[in-house]
$ cat data-v4.txt   # compact mmCIF, C-alpha atoms
# COMPACT_ATOMS: atom_id res chain seq x y z
CA MET A 56 0.00 0.00 0.00
CA ASP A 57 1.20 3.48 -0.84
CA ILE A 58 2.43 5.54 2.10
CA PHE A 59 -0.08 8.32 1.43
CA GLU A 60 -2.98 5.89 1.12
CA ALA A 61 -1.94 4.34 4.44
CA ILE A 62 -1.71 7.74 6.14
CA HIS A 63 -5.02 9.02 4.80
CA THR A 64 -7.08 5.85 5.24
CA ARG A 65 -5.79 4.84 8.66
CA ARG A 66 -8.76 5.05 10.99
CA SER A 67 -9.44 4.13 14.59
CA ILE A 68 -11.09 0.74 14.17
CA ARG A 69 -13.46 -0.27 16.95
CA SER A 70 -15.34 -3.14 15.27
CA TYR A 71 -13.69 -6.41 14.30
CA THR A 72 -14.50 -9.77 12.68
CA ASP A 73 -13.32 -12.95 14.37
CA GLY A 74 -10.38 -13.16 11.94
CA ALA A 75 -6.92 -13.97 13.28
CA VAL A 76 -3.65 -12.02 13.22
CA SER A 77 -0.67 -14.21 12.29
CA GLN A 78 2.68 -14.31 14.03
CA GLU A 79 4.22 -12.97 10.82
CA GLN A 80 1.86 -9.98 10.94
CA ILE A 81 2.72 -9.36 14.59
CA ASP A 82 6.41 -9.35 13.64
CA VAL A 83 5.75 -6.81 10.89
CA LEU A 84 3.93 -4.54 13.36
CA LEU A 85 6.78 -4.72 15.87
CA GLN A 86 9.44 -4.23 13.20
CA ALA A 87 7.66 -1.06 12.08
CA ALA A 88 7.27 0.20 15.65
CA MET A 89 10.94 -0.35 16.49
CA THR A 90 12.06 1.51 13.36
CA ALA A 91 10.60 4.78 14.67
CA PRO A 92 12.90 7.70 15.40
CA SER A 93 13.72 8.47 19.04
CA ALA A 94 15.64 11.18 20.86
CA GLY A 95 19.34 10.35 20.54
CA ASN A 96 18.23 7.11 18.83
CA ALA A 97 17.75 5.70 22.33
CA GLN A 98 14.87 3.43 21.29
CA PRO A 99 13.52 3.49 24.87
CA TRP A 100 10.63 1.09 24.25
CA HIS A 101 9.29 -2.35 25.05
CA PHE A 102 6.24 -4.21 23.82
CA ILE A 103 3.95 -6.69 25.56
CA VAL A 104 2.09 -8.88 23.08
CA VAL A 105 -1.19 -10.12 24.57
CA GLN A 106 -3.06 -12.91 22.78
CA ASP A 107 -4.48 -14.84 25.72
CA ARG A 108 -8.27 -14.68 25.40
CA ALA A 109 -8.91 -14.49 29.13
CA MET A 110 -6.43 -11.61 29.54
CA LEU A 111 -7.83 -9.71 26.53
CA ASP A 112 -11.31 -10.04 28.02
CA ARG A 113 -10.04 -8.85 31.37
CA LEU A 114 -8.24 -5.90 29.76
CA SER A 115 -11.42 -4.95 27.87
CA THR A 116 -13.01 -3.67 31.08
CA TYR A 117 -10.00 -1.95 32.64
CA ASN A 118 -11.28 1.39 31.36
CA PRO A 119 -14.45 2.44 29.47
CA TYR A 120 -12.71 3.06 26.13
CA VAL A 121 -11.24 -0.37 25.39
CA LYS A 122 -14.31 -2.56 25.09
CA MET A 123 -13.20 -3.61 21.59
CA LEU A 124 -10.51 -5.75 23.24
CA ALA A 125 -13.25 -8.31 23.84
CA GLN A 126 -13.37 -8.71 20.02
CA THR A 127 -9.70 -8.53 19.03
CA PRO A 128 -7.31 -11.51 18.99
CA LEU A 129 -4.37 -9.28 19.89
CA ALA A 130 -3.33 -6.24 21.87
CA ILE A 131 0.10 -4.68 21.91
CA LEU A 132 1.07 -2.60 24.92
CA VAL A 133 3.83 -0.09 24.17
CA LEU A 134 5.97 0.82 27.20
CA GLY A 135 8.72 3.32 27.87
CA ASP A 136 11.91 2.35 29.69
CA LEU A 137 13.28 5.27 31.69
CA SER A 138 16.69 3.58 32.07
CA LEU A 139 17.19 3.60 28.30
CA GLU A 140 16.67 7.35 27.81
CA LYS A 141 19.57 9.40 26.53
CA TYR A 142 17.68 12.70 26.83
CA PRO A 143 15.34 12.42 29.83
CA GLY A 144 11.73 13.37 29.25
CA TYR A 145 11.45 12.35 25.61
CA TRP A 146 10.29 8.75 26.10
CA PRO A 147 6.55 9.55 25.72
CA ILE A 148 7.30 11.23 22.40
CA ASP A 149 9.50 8.36 21.22
CA CYS A 150 6.87 5.78 22.16
CA SER A 151 4.25 7.83 20.29
CA ALA A 152 6.31 7.66 17.09
CA ALA A 153 6.54 3.88 17.55
CA VAL A 154 2.77 3.65 18.01
CA GLN A 155 2.08 5.69 14.88
CA ASN A 156 4.39 3.43 12.85
CA LEU A 157 2.61 0.39 14.26
CA LEU A 158 -0.81 1.80 13.33
CA LEU A 159 0.30 2.59 9.79
CA ALA A 160 1.84 -0.87 9.43
CA ALA A 161 -1.47 -2.40 10.56
CA ARG A 162 -3.28 -0.36 7.91
CA GLY A 163 -0.64 -1.41 5.36
CA MET A 164 -1.63 -5.05 5.97
CA GLU A 165 -5.35 -4.16 5.99
CA LEU A 166 -5.56 -4.93 9.68
CA GLY A 167 -7.52 -2.70 12.00
CA ALA A 168 -6.16 -1.07 15.12
CA VAL A 169 -6.94 1.77 17.48
CA TRP A 170 -4.73 3.87 19.72
CA THR A 171 -6.04 3.72 23.27
CA GLY A 172 -4.27 6.15 25.57
CA VAL A 173 -2.63 5.03 28.81
CA TYR A 174 0.10 7.54 29.79
CA PRO A 175 -0.23 10.10 31.35
CA ASP A 176 -3.39 8.71 33.04
CA GLN A 177 -2.04 7.41 36.35
CA ALA A 178 -5.03 5.16 37.12
CA ARG A 179 -4.70 3.41 33.76
CA MET A 180 -0.95 3.04 34.18
CA ASP A 181 -1.37 1.55 37.66
CA ALA A 182 -4.07 -0.88 36.53
CA LEU A 183 -1.96 -2.22 33.65
CA ARG A 184 1.11 -2.36 35.88
CA ASP A 185 -0.78 -4.64 38.24
CA MET A 186 -2.39 -6.82 35.58
CA LEU A 187 0.77 -7.37 33.52
CA ALA A 188 3.42 -7.41 36.26
CA ILE A 189 5.23 -4.32 34.96
CA PRO A 190 8.23 -3.08 37.02
CA LYS A 191 8.19 0.43 38.43
CA ASP A 192 10.71 2.06 36.04
CA ILE A 193 8.80 0.76 33.00
CA MET A 194 5.97 3.05 31.91
CA PRO A 195 2.84 1.75 30.16
CA HIS A 196 2.30 4.24 27.33
CA SER A 197 -0.40 3.07 24.89
CA LEU A 198 -2.49 -0.04 24.42
CA ILE A 199 -3.27 -1.02 20.83
CA PRO A 200 -6.00 -3.56 20.06
CA VAL A 201 -5.37 -5.16 16.64
CA GLY A 202 -7.59 -7.40 14.55
CA VAL A 203 -9.37 -7.86 11.26
CA PRO A 204 -11.61 -4.83 10.73
CA ALA A 205 -15.36 -5.32 10.33
CA VAL A 206 -15.66 -1.87 8.77
CA GLU A 207 -14.18 -0.22 5.71
CA SER A 208 -11.32 2.23 6.24
CA LYS A 209 -12.52 5.30 4.38
CA ARG A 210 -10.35 8.25 3.54
CA VAL A 211 -10.61 11.02 6.08
CA ASP A 212 -10.04 14.75 5.53
CA ARG A 213 -8.85 16.62 8.60
CA PHE A 214 -7.04 19.40 6.78
CA LYS A 215 -7.54 22.73 8.54
CA PRO A 216 -5.77 25.56 6.72
CA GLU A 217 -6.44 27.88 9.68
CA ARG A 218 -3.95 25.85 11.72
CA ILE A 219 -1.12 26.85 9.39
CA HIS A 220 0.88 29.98 10.22
CA GLN A 221 3.40 31.55 7.88
CA GLU A 222 6.83 32.52 9.22
CA ARG A 223 5.60 33.21 12.78
CA TRP A 224 2.46 32.88 14.90
CA MET B 251 6.31 4.65 -2.21
CA ASP B 252 5.17 1.59 -0.29
CA ILE B 253 4.28 2.20 3.37
CA PHE B 254 6.82 -0.34 4.59
CA GLU B 255 9.59 1.08 2.44
CA ALA B 256 8.79 4.54 3.80
CA ILE B 257 8.83 3.31 7.41
CA HIS B 258 12.05 1.33 7.07
CA THR B 259 14.02 3.83 4.98
CA ARG B 260 12.98 6.99 6.83
CA ARG B 261 16.17 8.34 8.39
CA SER B 262 17.13 11.48 10.23
CA ILE B 263 18.63 13.57 7.43
CA ARG B 264 21.19 16.14 8.51
CA SER B 265 22.81 16.97 5.16
CA TYR B 266 20.98 18.71 2.33
CA THR B 267 21.50 19.95 -1.22
CA ASP B 268 20.36 23.46 -2.12
CA GLY B 269 17.21 22.03 -3.76
CA ALA B 270 13.87 23.65 -3.06
CA VAL B 271 10.69 22.33 -1.47
CA SER B 272 7.57 23.36 -3.40
CA GLN B 273 4.36 24.76 -1.93
CA GLU B 274 2.61 21.60 -3.14
CA GLN B 275 5.06 19.47 -1.19
CA ILE B 276 4.54 21.60 1.92
CA ASP B 277 0.79 21.07 1.57
CA VAL B 278 1.31 17.29 1.31
CA LEU B 279 3.41 17.33 4.49
CA LEU B 280 0.78 19.31 6.41
CA GLN B 281 -2.08 17.19 5.08
CA ALA B 282 -0.29 14.08 6.34
CA ALA B 283 0.45 15.64 9.72
CA MET B 284 -3.15 16.76 10.26
CA THR B 285 -4.47 13.29 9.42
CA ALA B 286 -2.79 11.80 12.50
CA PRO B 287 -4.90 10.30 15.25
CA SER B 288 -5.37 12.30 18.45
CA ALA B 289 -7.02 11.70 21.81
CA GLY B 290 -10.77 12.21 21.33
CA ASN B 291 -9.93 13.29 17.75
CA ALA B 292 -9.20 16.73 19.23
CA GLN B 293 -6.48 17.54 16.64
CA PRO B 294 -4.84 19.94 19.13
CA TRP B 295 -2.11 21.10 16.77
CA HIS B 296 -0.84 24.08 14.82
CA PHE B 297 2.05 24.47 12.39
CA ILE B 298 4.39 27.36 11.70
CA VAL B 299 5.94 27.15 8.25
CA VAL B 300 9.29 28.95 8.16
CA GLN B 301 10.90 29.65 4.77
CA ASP B 302 12.50 33.02 5.40
CA ARG B 303 16.25 32.55 4.95
CA ALA B 304 17.23 34.97 7.70
CA MET B 305 14.90 33.30 10.21
CA LEU B 306 16.09 29.79 9.27
CA ASP B 307 19.68 30.92 9.80
CA ARG B 308 18.75 32.47 13.12
CA LEU B 309 16.92 29.29 14.18
CA SER B 310 19.96 27.18 13.21
CA THR B 311 21.85 28.44 16.25
CA TYR B 312 19.05 28.41 18.83
CA ASN B 313 20.33 25.06 20.13
CA PRO B 314 23.36 22.89 19.22
CA TYR B 315 21.35 20.17 17.43
CA VAL B 316 19.71 22.16 14.66
CA LYS B 317 22.66 23.42 12.64
CA MET B 318 21.21 21.78 9.52
CA LEU B 319 18.61 24.56 9.45
CA ALA B 320 21.30 26.72 7.85
CA GLN B 321 21.05 24.33 4.84
CA THR B 322 17.33 23.66 4.56
CA PRO B 323 14.85 25.84 2.68
CA LEU B 324 12.09 24.97 5.13
CA ALA B 325 11.34 24.21 8.75
CA ILE B 326 7.97 23.25 10.16
CA LEU B 327 7.33 23.88 13.84
CA VAL B 328 4.60 21.66 15.30
CA LEU B 329 2.79 23.19 18.26
CA GLY B 330 0.19 21.97 20.73
CA ASP B 331 -2.87 24.04 21.64
CA LEU B 332 -3.95 23.39 25.21
CA SER B 333 -7.34 24.99 24.60
CA LEU B 334 -8.19 22.37 21.98
CA GLU B 335 -7.57 19.32 24.18
CA LYS B 336 -10.50 17.05 24.96
CA TYR B 337 -8.48 14.84 27.30
CA PRO B 338 -5.89 17.05 29.03
CA GLY B 339 -2.32 15.82 28.97
CA TYR B 340 -2.40 14.00 25.63
CA TRP B 341 -1.34 16.90 23.39
CA PRO B 342 2.38 15.93 23.33
CA ILE B 343 1.40 12.43 22.22
CA ASP B 344 -0.99 13.75 19.57
CA CYS B 345 1.62 16.16 18.21
CA SER B 346 4.13 13.29 18.07
CA ALA B 347 1.80 11.26 15.86
CA ALA B 348 1.47 14.30 13.58
CA VAL B 349 5.26 14.66 13.41
CA GLN B 350 5.75 10.99 12.54
CA ASN B 351 3.18 11.26 9.73
CA LEU B 352 4.98 14.38 8.47
CA LEU B 353 8.36 12.60 8.48
CA LEU B 354 6.96 9.61 6.60
CA ALA B 355 5.28 11.89 4.07
CA ALA B 356 8.63 13.65 3.52
CA ARG B 357 10.26 10.28 2.89
CA GLY B 358 7.37 9.34 0.57
CA MET B 359 8.28 12.35 -1.60
CA GLU B 360 12.02 11.61 -1.31
CA LEU B 361 12.52 14.71 0.77
CA GLY B 362 14.76 14.66 3.80
CA ALA B 363 13.74 15.70 7.29
CA VAL B 364 14.82 15.29 10.88
CA TRP B 365 12.88 15.42 14.13
CA THR B 366 14.48 17.96 16.45
CA GLY B 367 13.01 17.89 19.92
CA VAL B 368 11.61 20.99 21.59
CA TYR B 369 9.09 19.97 24.26
CA PRO B 370 9.66 19.21 27.14
CA ASP B 371 12.89 21.28 27.10
CA GLN B 372 11.79 24.55 28.69
CA ALA B 373 14.75 26.60 27.39
CA ARG B 374 14.07 25.54 23.81
CA MET B 375 10.36 26.23 24.19
CA ASP B 376 11.02 29.70 25.59
CA ALA B 377 13.51 30.55 22.85
CA LEU B 378 11.13 29.58 20.07
CA ARG B 379 8.26 31.34 21.82
CA ASP B 380 10.28 34.56 21.75
CA MET B 381 11.56 34.21 18.19
CA LEU B 382 8.23 33.28 16.61
CA ALA B 383 5.81 35.31 18.79
CA ILE B 384 4.00 32.26 20.15
CA PRO B 385 1.24 32.90 22.74
CA LYS B 386 1.54 31.37 26.19
CA ASP B 387 -1.11 28.63 25.84
CA ILE B 388 0.47 27.38 22.60
CA MET B 389 3.28 24.87 23.18
CA PRO B 390 6.19 24.48 20.74
CA HIS B 391 6.57 20.70 20.42
CA SER B 392 8.99 19.74 17.63
CA LEU B 393 10.93 21.58 14.95
CA ILE B 394 11.35 19.74 11.64
CA PRO B 395 13.92 20.93 9.08
CA VAL B 396 12.94 19.73 5.59
CA GLY B 397 14.88 19.81 2.35
CA VAL B 398 16.35 17.78 -0.47
CA PRO B 399 18.65 15.15 1.07
CA ALA B 400 22.33 15.09 0.10
CA VAL B 401 22.61 11.51 1.38
CA GLU B 402 20.92 8.26 0.47
CA SER B 403 18.22 6.96 2.81
CA LYS B 404 19.35 3.43 3.50
CA ARG B 405 17.21 0.81 5.16
CA VAL B 406 17.80 0.59 8.88
CA ASP B 407 17.31 -2.46 11.12
CA ARG B 408 16.47 -1.61 14.71
CA PHE B 409 14.60 -4.82 15.50
CA LYS B 410 15.38 -6.00 19.05
CA PRO B 411 13.56 -9.23 19.88
CA GLU B 412 14.57 -8.85 23.53
CA ARG B 413 12.20 -5.88 23.79
CA ILE B 414 9.19 -8.13 23.07
CA HIS B 415 7.40 -9.71 26.02
CA GLN B 416 4.73 -12.37 25.66
CA GLU B 417 1.46 -12.01 27.58
CA ARG B 418 3.04 -10.09 30.50
CA TRP B 419 6.33 -8.48 31.49
$ encode --input "data-v4.txt" --output "structure tokens"
Amino acid sequence: MDIFEAIHTRRSIRSYTDGAVSQEQIDVLLQAAMTAPSAGNAQPWHFIVVQDRAMLDRLSTYNPYVKMLAQTPLAILVLGDLSLEKYPGYWPIDCSAAVQNLLLAARGMELGAVWTGVYPDQARMDALRDMLAIPKDIMPHSLIPVGVPAVESKRVDRFKPERIHQERW
Amino acid sequence: MDIFEAIHTRRSIRSYTDGAVSQEQIDVLLQAAMTAPSAGNAQPWHFIVVQDRAMLDRLSTYNPYVKMLAQTPLAILVLGDLSLEKYPGYWPIDCSAAVQNLLLAARGMELGAVWTGVYPDQARMDALRDMLAIPKDIMPHSLIPVGVPAVESKRVDRFKPERIHQERW
């Protein structure tokens, strides 16, 4: 798929068929995520791949915005590792670039995915830390349900010329 | 360009020819950036497009990591707008997704670009706020020099299987 088609047809998918995601597809998603830029090329990220049905169901109720996890065969939790930072404070930005790559890679394989926010919501971070046995210097950043979309990914136009400023504010 | 080629050959470009970037290319970059996902679809971003040679030269010395601005015909400053947030605290993540889309779009047009960090570095934010007359509730997030690359964009392999955890940490 062309890069611009992927960018402009990537949507937040919240409805899935019961189709599977293969190990090869999971590898492609993680390869894309880990290729993201990061401050000082520190690559301060980890990934927890959840495919266990009971855990996905349990995760689906940990906050009100992740119900679709009860439908997806896969969730990828992106985490920041404070000990890997070269320039402290940039890990949330680095992890965000990894997430966006992952979402575009999902779209590139015609999979569906949706970015569900974790950091900086402390209650969400604590809940995931408990459920997935995450150490204290590892920061849950974003939880990404992935599956086979039950809906078409239509092109979206969010262009707002009024947000563009020439030369200065 | 294929989405996976764009993801895996996007590099931080720090050396540029004196080639120009057209208005059409700038529009493509901003279209891609504004199509990024954001928390609650709030799209809490703005963009300052800098093409003035004197300002680019001045910006090139505002911190030690942006010297390449003296070579590029263009820089795009991505900014967060706190007043547009639906879920407070997510604007740096949203702006990061916009930046990553912008970088991939640059690669898709065979332009070169590099993500130079601003937020959360207070000194950098203050300096840009002064130079570009940015109001106090608007947050400079990332400054992206863009131009015609003087170097080839080779495929990079950053895959680290040890960063992948199955089912839990």
$ residues_around --input "data-v4.txt" --residues "B:Arg408" --least-positions-apart "2" --cutoff "12 Å" --atoms "only C-alpha atoms" --output "PDB file with C-alpha atoms, keeping the file's coordinate frame"
ATOM      1  CA  LEU A  85       6.780  -4.720  15.870  1.00  0.00           C
ATOM      2  CA  GLN A  86       9.440  -4.230  13.200  1.00  0.00           C
ATOM      3  CA  ALA A  87       7.660  -1.060  12.080  1.00  0.00           C
ATOM      4  CA  ALA A  88       7.270   0.200  15.650  1.00  0.00           C
ATOM      5  CA  MET A  89      10.940  -0.350  16.490  1.00  0.00           C
ATOM      6  CA  THR A  90      12.060   1.510  13.360  1.00  0.00           C
ATOM      7  CA  ALA A  91      10.600   4.780  14.670  1.00  0.00           C
ATOM      8  CA  PRO A  92      12.900   7.700  15.400  1.00  0.00           C
ATOM      9  CA  SER A  93      13.720   8.470  19.040  1.00  0.00           C
ATOM     10  CA  ASN A  96      18.230   7.110  18.830  1.00  0.00           C
ATOM     11  CA  ALA A  97      17.750   5.700  22.330  1.00  0.00           C
ATOM     12  CA  GLN A  98      14.870   3.430  21.290  1.00  0.00           C
ATOM     13  CA  PRO A  99      13.520   3.490  24.870  1.00  0.00           C
ATOM     14  CA  TRP A 100      10.630   1.090  24.250  1.00  0.00           C
ATOM     15  CA  ALA A 153       6.540   3.880  17.550  1.00  0.00           C
TER      16      ALA A 153
ATOM     17  CA  ILE B 257       8.830   3.310   7.410  1.00  0.00           C
ATOM     18  CA  HIS B 258      12.050   1.330   7.070  1.00  0.00           C
ATOM     19  CA  THR B 259      14.020   3.830   4.980  1.00  0.00           C
ATOM     20  CA  ARG B 261      16.170   8.340   8.390  1.00  0.00           C
ATOM     21  CA  ARG B 405      17.210   0.810   5.160  1.00  0.00           C
ATOM     22  CA  VAL B 406      17.800   0.590   8.880  1.00  0.00           C
ATOM     23  CA  LYS B 410      15.380  -6.000  19.050  1.00  0.00           C
ATOM     24  CA  PRO B 411      13.560  -9.230  19.880  1.00  0.00           C
ATOM     25  CA  GLU B 412      14.570  -8.850  23.530  1.00  0.00           C
ATOM     26  CA  ARG B 413      12.200  -5.880  23.790  1.00  0.00           C
TER      27      ARG B 413
END
$ interface_residues --input "data-v4.txt" --of "chain B" --to "chain A" --cutoff "6 Å" --atoms "only C-alpha atoms" --output "number ranges by chain"
B: 251-253, 281, 284-285, 296-300, 343, 346-347, 350, 382-384, 408-409, 413-419
$ calpha_fit_and_write --input "data-v4.txt" --fixed "chain B" --moving "chain A" --output "compact mmCIF listing (two decimals) with C-alpha atoms, in the frame of the given file"
# COMPACT_ATOMS: atom_id res chain seq x y z
CA MET A 56 6.32 4.64 -2.21
CA ASP A 57 5.17 1.60 -0.28
CA ILE A 58 4.28 2.21 3.36
CA PHE A 59 6.81 -0.34 4.60
CA GLU A 60 9.59 1.09 2.43
CA ALA A 61 8.79 4.55 3.81
CA ILE A 62 8.83 3.30 7.41
CA HIS A 63 12.05 1.33 7.05
CA THR A 64 14.03 3.84 4.98
CA ARG A 65 13.01 6.99 6.83
CA ARG A 66 16.18 8.35 8.38
CA SER A 67 17.14 11.49 10.24
CA ILE A 68 18.62 13.57 7.44
CA ARG A 69 21.19 16.15 8.51
CA SER A 70 22.81 16.97 5.15
CA TYR A 71 20.97 18.70 2.33
CA THR A 72 21.51 19.95 -1.24
CA ASP A 73 20.38 23.45 -2.14
CA GLY A 74 17.23 22.01 -3.76
CA ALA A 75 13.87 23.65 -3.07
CA VAL A 76 10.68 22.33 -1.47
CA SER A 77 7.56 23.36 -3.40
CA GLN A 78 4.37 24.76 -1.93
CA GLU A 79 2.60 21.62 -3.15
CA GLN A 80 5.07 19.47 -1.19
CA ILE A 81 4.55 21.60 1.91
CA ASP A 82 0.80 21.06 1.57
CA VAL A 83 1.30 17.31 1.32
CA LEU A 84 3.41 17.33 4.50
CA LEU A 85 0.79 19.31 6.41
CA GLN A 86 -2.08 17.19 5.08
CA ALA A 87 -0.29 14.08 6.33
CA ALA A 88 0.45 15.65 9.72
CA MET A 89 -3.15 16.76 10.26
CA THR A 90 -4.47 13.28 9.42
CA ALA A 91 -2.78 11.80 12.50
CA PRO A 92 -4.91 10.29 15.26
CA SER A 93 -5.38 12.30 18.46
CA ALA A 94 -7.03 11.70 21.81
CA GLY A 95 -10.78 12.20 21.33
CA ASN A 96 -9.93 13.30 17.75
CA ALA A 97 -9.20 16.73 19.23
CA GLN A 98 -6.50 17.53 16.65
CA PRO A 99 -4.84 19.93 19.13
CA TRP A 100 -2.11 21.11 16.76
CA HIS A 101 -0.82 24.09 14.82
CA PHE A 102 2.04 24.46 12.38
CA ILE A 103 4.38 27.37 11.70
CA VAL A 104 5.94 27.14 8.24
CA VAL A 105 9.29 28.95 8.16
CA GLN A 106 10.90 29.64 4.78
CA ASP A 107 12.50 33.02 5.40
CA ARG A 108 16.25 32.55 4.96
CA ALA A 109 17.22 34.99 7.69
CA MET A 110 14.89 33.29 10.20
CA LEU A 111 16.09 29.79 9.26
CA ASP A 112 19.67 30.94 9.79
CA ARG A 113 18.74 32.46 13.11
CA LEU A 114 16.91 29.29 14.18
CA SER A 115 19.95 27.18 13.21
CA THR A 116 21.86 28.44 16.25
CA TYR A 117 19.06 28.40 18.82
CA ASN A 118 20.34 25.06 20.13
CA PRO A 119 23.37 22.88 19.23
CA TYR A 120 21.36 20.18 17.44
CA VAL A 121 19.71 22.17 14.65
CA LYS A 122 22.67 23.42 12.64
CA MET A 123 21.22 21.78 9.51
CA LEU A 124 18.61 24.56 9.44
CA ALA A 125 21.30 26.72 7.84
CA GLN A 126 21.07 24.34 4.83
CA THR A 127 17.34 23.65 4.57
CA PRO A 128 14.85 25.85 2.68
CA LEU A 129 12.08 24.98 5.13
CA ALA A 130 11.32 24.21 8.75
CA ILE A 131 7.97 23.25 10.16
CA LEU A 132 7.34 23.88 13.84
CA VAL A 133 4.61 21.66 15.29
CA LEU A 134 2.78 23.19 18.27
CA GLY A 135 0.19 21.97 20.73
CA ASP A 136 -2.86 24.04 21.63
CA LEU A 137 -3.95 23.39 25.21
CA SER A 138 -7.37 24.99 24.60
CA LEU A 139 -8.19 22.37 21.97
CA GLU A 140 -7.59 19.32 24.19
CA LYS A 141 -10.51 17.06 24.95
CA TYR A 142 -8.49 14.83 27.30
CA PRO A 143 -5.91 17.04 29.04
CA GLY A 144 -2.33 15.83 28.97
CA TYR A 145 -2.41 14.01 25.64
CA TRP A 146 -1.34 16.90 23.38
CA PRO A 147 2.38 15.92 23.34
CA ILE A 148 1.40 12.44 22.21
CA ASP A 149 -0.99 13.75 19.57
CA CYS A 150 1.62 16.16 18.21
CA SER A 151 4.14 13.30 18.08
CA ALA A 152 1.80 11.26 15.86
CA ALA A 153 1.48 14.30 13.57
CA VAL A 154 5.26 14.65 13.41
CA GLN A 155 5.75 10.99 12.54
CA ASN A 156 3.19 11.28 9.72
CA LEU A 157 4.98 14.38 8.46
CA LEU A 158 8.35 12.60 8.48
CA LEU A 159 6.96 9.60 6.60
CA ALA A 160 5.28 11.89 4.07
CA ALA A 161 8.62 13.66 3.52
CA ARG A 162 10.26 10.28 2.89
CA GLY A 163 7.37 9.36 0.58
CA MET A 164 8.28 12.36 -1.61
CA GLU A 165 12.02 11.60 -1.30
CA LEU A 166 12.52 14.71 0.78
CA GLY A 167 14.76 14.66 3.81
CA ALA A 168 13.73 15.71 7.29
CA VAL A 169 14.82 15.29 10.88
CA TRP A 170 12.89 15.42 14.13
CA THR A 171 14.50 17.95 16.44
CA GLY A 172 13.02 17.87 19.92
CA VAL A 173 11.63 20.99 21.60
CA TYR A 174 9.09 19.97 24.28
CA PRO A 175 9.64 19.21 27.15
CA ASP A 176 12.89 21.27 27.11
CA GLN A 177 11.79 24.55 28.68
CA ALA A 178 14.75 26.59 27.40
CA ARG A 179 14.07 25.52 23.82
CA MET A 180 10.36 26.21 24.19
CA ASP A 181 11.03 29.69 25.59
CA ALA A 182 13.53 30.55 22.86
CA LEU A 183 11.13 29.58 20.06
CA ARG A 184 8.27 31.34 21.82
CA ASP A 185 10.27 34.55 21.75
CA MET A 186 11.57 34.21 18.19
CA LEU A 187 8.22 33.28 16.62
CA ALA A 188 5.82 35.31 18.78
CA ILE A 189 4.01 32.25 20.16
CA PRO A 190 1.25 32.91 22.75
CA LYS A 191 1.54 31.37 26.20
CA ASP A 192 -1.12 28.63 25.85
CA ILE A 193 0.47 27.37 22.61
CA MET A 194 3.27 24.87 23.18
CA PRO A 195 6.19 24.48 20.75
CA HIS A 196 6.57 20.70 20.42
CA SER A 197 9.00 19.74 17.63
CA LEU A 198 10.93 21.57 14.95
CA ILE A 199 11.36 19.75 11.64
CA PRO A 200 13.92 20.94 9.09
CA VAL A 201 12.93 19.73 5.59
CA GLY A 202 14.88 19.80 2.35
CA VAL A 203 16.35 17.78 -0.47
CA PRO A 204 18.64 15.15 1.06
CA ALA A 205 22.32 15.09 0.11
CA VAL A 206 22.61 11.52 1.37
CA GLU A 207 20.92 8.26 0.47
CA SER A 208 18.21 6.98 2.80
CA LYS A 209 19.35 3.44 3.51
CA ARG A 210 17.22 0.81 5.15
CA VAL A 211 17.80 0.59 8.87
CA ASP A 212 17.32 -2.45 11.12
CA ARG A 213 16.47 -1.61 14.72
CA PHE A 214 14.60 -4.81 15.51
CA LYS A 215 15.37 -5.99 19.04
CA PRO A 216 13.55 -9.22 19.87
CA GLU A 217 14.56 -8.85 23.54
CA ARG A 218 12.19 -5.88 23.79
CA ILE A 219 9.20 -8.12 23.08
CA HIS A 220 7.39 -9.72 26.02
CA GLN A 221 4.74 -12.38 25.67
CA GLU A 222 1.47 -12.02 27.60
CA ARG A 223 3.03 -10.08 30.51
CA TRP A 224 6.33 -8.48 31.51
$ atom_distance --input "data-v4.txt" --atom1 "atom CA of B:Leu393" --atom2 "atom CA of B:Trp341"
15.6 Å
$ atom_distance --input "data-v4.txt" --atom1 "atom CA of B:Leu319" --atom2 "atom CA of B:Asp387"
26.0 Å
$ residues_near_point --input "data-v4.txt" --point "(-12.9, -1.4, 13.8)" --cutoff "9 Å" --atoms "only C-alpha atoms" --output "list in words"
Arg66, Ser67, Ile68, Arg69, Ser70, Tyr71, Thr72, Met123, Gly167, Ala168, Val169, Val201, Gly202, Val203, Pro204, Ala205, Val206, Glu207 and Ser208 of chain A
$ build_atoms --input "data-v4.txt" --residues "stretch 341-347 of chain B" --atoms "N, CA and C atoms" --output "short mmCIF file (atom, residue, chain, number, x, y, z; two decimals), in the frame of the given file"
data_model
loop_
_atom_site.label_atom_id
_atom_site.label_comp_id
_atom_site.auth_asym_id
_atom_site.auth_seq_id
_atom_site.Cartn_x
_atom_site.Cartn_y
_atom_site.Cartn_z
N TRP B 341 -1.79 16.13 24.56
CA TRP B 341 -1.34 16.90 23.39
C TRP B 341 0.08 16.55 22.93
N PRO B 342 1.04 16.24 23.86
CA PRO B 342 2.38 15.93 23.33
C PRO B 342 2.39 14.63 22.53
N ILE B 343 1.51 13.71 22.92
CA ILE B 343 1.40 12.43 22.22
C ILE B 343 0.76 12.66 20.85
N ASP B 344 -0.31 13.45 20.83
CA ASP B 344 -0.99 13.75 19.57
C ASP B 344 -0.04 14.45 18.59
N CYS B 345 0.68 15.44 19.09
CA CYS B 345 1.62 16.16 18.21
C CYS B 345 2.71 15.22 17.70
N SER B 346 3.11 14.25 18.51
CA SER B 346 4.13 13.29 18.07
C SER B 346 3.63 12.45 16.91
N ALA B 347 2.38 12.04 16.97
CA ALA B 347 1.80 11.26 15.86
C ALA B 347 1.79 12.11 14.59
#
